[in-house]
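Participant: The structure under discussion is supplied below as structure tokens; questions concerning it will follow.
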Amino acid sequence: GAVVSQHPSRVICKSGTSVKIECRSLDFQATTMFWYRQFPKQSLMLMATSNEGSKATYEQGVEKDKFLINHASLTLSTLTVTSAHPEDSSFYICSARDRDNQETQYFGPGTRLLVL
Amino acid sequence: LAKTTQPISMDSYEGQEVNITCSHNNIATNDYITWYQQFPSQGPRFIIQGYKTKVTNEVASLFIPADRKSSTLSLPRVSLSDTAVYYCLVDTNYGQNFVFGPGTRLSVLP
């Protein structure tokens, strides 16, 4: 139980294009999902909190117009990196709280983004 | 914000018991303590979670003293495949009042 998937697992795109990453809770309903970014040899950095049916809450320093988050259902949140630049290249990870067990975050496998 | 402090790295040998301690002095009443394991290029994997005293599952034990200002993850008889980064996270069931610390990089040697 408590499985979270991400798609795609890796993506390469050209500078200036937009990339969408999906995060799904497969066997539970998630009222809250989180998006993280992780650079090599570093810890996870929270980017934003996504609540179903409402606007995402972004951490300080994260541009909401660049990282668009949509949480349209209890099992799906998407992160769109708009006008991607090479410095956006990173490992993006989502997590989800089970609606019935909200003390725990369950993480997806991550998405490796490379912007050329 | 519930911050945590852990040793940056630890070395161990196969078959030994490993204990990783995390300090969380400003833990709040509603906070739970969760430990995760992360391999390179993968998302963190849930290991164990507790609120107080001792919790044990098939892979680890978690010891939490009465004041809850620290917690210790115990991995019995580690193997090479336990080489990973281990994070403790102090979290609650609402909001986003948490932050991931740097984690502990465990190296298990043959």
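Numbering starts fresh at 1 for the residues of each chain in the structure tokens, the chains themselves are lettered A, B, ... in the order given, and ligands are numbered from 1 as they appear.
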Taking the DSSP assignment computed from this structure's backbone, write out as an MDAnalysis selection string all residues of range 23-94 of chain B that belong to strand (DSSP E).

Facilitator: chainID B and resid 23 32:38 45:50 53:56 61:64 70:75 84:91

Participant: Taking only residues of chain A that have an atom at most 7 Å from an atom of chain B, what is each one's shortest atom pair and its distance in Å to one decimal, using only C-alpha atoms, in chain and number order, as JSON lines?

Facilitator:
{"residue": "A:Gln42", "atom": "CA", "partner": "B:Pro102", "partner_atom": "CA", "distance": 6.8}
{"residue": "A:Ser43", "atom": "CA", "partner": "B:Pro102", "partner_atom": "CA", "distance": 5.1}
{"residue": "A:Leu44", "atom": "CA", "partner": "B:Phe100", "partner_atom": "CA", "distance": 6.1}
{"residue": "A:Ile93", "atom": "CA", "partner": "B:Gly43", "partner_atom": "CA", "distance": 6.4}
{"residue": "A:Gln102", "atom": "CA", "partner": "B:Asn93", "partner_atom": "CA", "distance": 4.7}
{"residue": "A:Glu103", "atom": "CA", "partner": "B:Asn93", "partner_atom": "CA", "distance": 4.3}
{"residue": "A:Tyr106", "atom": "CA", "partner": "B:Phe46", "partner_atom": "CA", "distance": 6.8}
{"residue": "A:Phe107", "atom": "CA", "partner": "B:Gly43", "partner_atom": "CA", "distance": 5.8}
{"residue": "A:Gly108", "atom": "CA", "partner": "B:Gly43", "partner_atom": "CA", "distance": 5.6}
{"residue": "A:Pro109", "atom": "CA", "partner": "B:Gly43", "partner_atom": "CA", "distance": 4.3}
{"residue": "A:Gly110", "atom": "CA", "partner": "B:Gly43", "partner_atom": "CA", "distance": 5.3}

Participant: Using N, CA, C and O atoms, can you export the residues from the last selection as a short mmCIF file (atom, residue, chain, number, x, y, z; two decimals), in the first residue's frame?

Facilitator:
data_model
loop_
_atom_site.label_atom_id
_atom_site.label_comp_id
_atom_site.auth_asym_id
_atom_site.auth_seq_id
_atom_site.Cartn_x
_atom_site.Cartn_y
_atom_site.Cartn_z
N GLN A 42 22.82 16.61 -2.15
CA GLN A 42 22.14 17.50 -1.23
C GLN A 42 20.82 16.89 -0.75
O GLN A 42 20.35 15.89 -1.29
N SER A 43 20.26 17.52 0.26
CA SER A 43 19.00 17.05 0.81
C SER A 43 17.83 17.49 -0.06
O SER A 43 18.00 18.23 -1.03
N LEU A 44 16.66 17.06 0.31
CA LEU A 44 15.45 17.47 -0.40
C LEU A 44 15.09 18.90 0.00
O LEU A 44 15.11 19.25 1.18
N ILE A 93 10.99 15.45 -6.95
CA ILE A 93 10.33 14.36 -6.22
C ILE A 93 9.02 14.88 -5.63
O ILE A 93 8.98 15.99 -5.10
N GLN A 102 -2.62 11.00 7.91
CA GLN A 102 -1.96 12.22 7.44
C GLN A 102 -0.65 12.54 8.12
O GLN A 102 -0.05 13.57 7.84
N GLU A 103 -0.19 11.65 9.03
CA GLU A 103 1.10 11.94 9.66
C GLU A 103 2.27 11.54 8.79
O GLU A 103 3.42 11.86 9.12
N TYR A 106 4.40 9.83 1.74
CA TYR A 106 4.89 8.75 0.90
C TYR A 106 5.42 9.37 -0.39
O TYR A 106 4.75 10.20 -1.00
N PHE A 107 6.62 8.95 -0.77
CA PHE A 107 7.32 9.61 -1.86
C PHE A 107 7.23 8.85 -3.17
O PHE A 107 7.20 7.62 -3.20
N GLY A 108 7.24 9.63 -4.25
CA GLY A 108 7.35 9.05 -5.56
C GLY A 108 8.80 8.71 -5.87
O GLY A 108 9.71 9.05 -5.11
N PRO A 109 9.04 8.05 -7.00
CA PRO A 109 10.41 7.63 -7.36
C PRO A 109 11.27 8.75 -7.91
O PRO A 109 12.48 8.57 -8.07
N GLY A 110 10.67 9.90 -8.19
CA GLY A 110 11.45 11.03 -8.69
C GLY A 110 11.48 11.12 -10.20
O GLY A 110 11.27 10.13 -10.92
#

Participant: Near Glu87 in chain A, counting only C-alpha atoms, which residues have an atom at most 10 Å away, once you skip same-chain residues fewer than 2 positions from it, shown as a ChimeraX atom specification?

Facilitator: /A:15,84-85,89-90,114-116

Participant: Find the residues near Gly1 in chain A: any atom within 9 Å, counting only C-alpha atoms, skip ones fewer than 6 places away on the same chain, and give them as a list of chain:residue names.

Facilitator: A:Leu26, A:Asp27, A:Phe28

Participant: Take the selection from the previous step and output its residues with C-alpha atoms, as a PDB file, in the first residue's frame.

Facilitator:
ATOM      1  CA  LEU A  26      -2.088   4.789  -6.733  1.00  0.00           C
ATOM      2  CA  ASP A  27      -3.852   3.172  -3.797  1.00  0.00           C
ATOM      3  CA  PHE A  28      -4.902   6.004  -1.556  1.00  0.00           C
TER       4      PHE A  28
END

Participant: How many Å lie between CA of Val55 in chain B and CA of Val18 in chain B, rounded to one decimal?

Facilitator: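 Computed distance, CA of Val55 in chain B to CA of Val18 in chain B, equals 16.0 Å.
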
Participant: Find the spatial neighbours of range 60-75 of chain B, counting only C-alpha atoms, within a cut-off of 12 Å - ignore same-chain residues fewer than 6 positions away - and output them as a count of residues only.

Facilitator: 50

Participant: Could you please determine the separation between CA of Thr82 in chain A and CA of Thr111 in chain A in Å, to one decimal place?

Facilitator: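 According to the coordinates, CA of Thr82 in chain A and CA of Thr111 in chain A are separated by 15.7 Å.
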
Participant: Can you tell me how far CA of Lys66 in chain A sits from CA of Leu46 in chain A, in Å to one decimal?

Facilitator: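 One can read the CA of Lys66 in chain A to CA of Leu46 in chain A distance as 15.2 Å.
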
Participant: Rank nothing, just name the residue among B:Asn57, B:Phe39, B:Tyr13, B:Asn97 nearest to Ser79 in chain B, using only C-alpha atoms.

Facilitator: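 Of B:Asn57, B:Phe39, B:Tyr13, B:Asn97, the one nearest Ser79 in chain B, counting only C-alpha atoms, is B:Tyr13.
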
Participant: Extract, using only C-alpha atoms, all DNA, RNA and protein residues at most 7 Å from Ile69 in chain A, discarding same-chain residues fewer than 2 positions from it, and format them as a PDB file with C-alpha atoms, in the first residue's frame.

Facilitator:
ATOM      1  CA  ALA A  56      -0.557  25.675  -4.183  1.00  0.00           C
ATOM      2  CA  PHE A  67       6.716  26.156 -11.438  1.00  0.00           C
ATOM      3  CA  HIS A  71      -3.888  19.366  -7.907  1.00  0.00           C
ATOM      4  CA  THR A  78       1.165  18.018 -11.716  1.00  0.00           C
ATOM      5  CA  LEU A  79       4.228  20.239 -11.764  1.00  0.00           C
ATOM      6  CA  THR A  80       4.948  22.179 -14.946  1.00  0.00           C
TER       7      THR A  80
END

Participant: Which residue out of A:Asp65, A:Cys13, A:Lys41, A:Thr57 has the minimum interatomic distance to Leu113 in chain A when only C-alpha atoms are used?

Facilitator: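 Nearest to Leu113 in chain A: A:Cys13.
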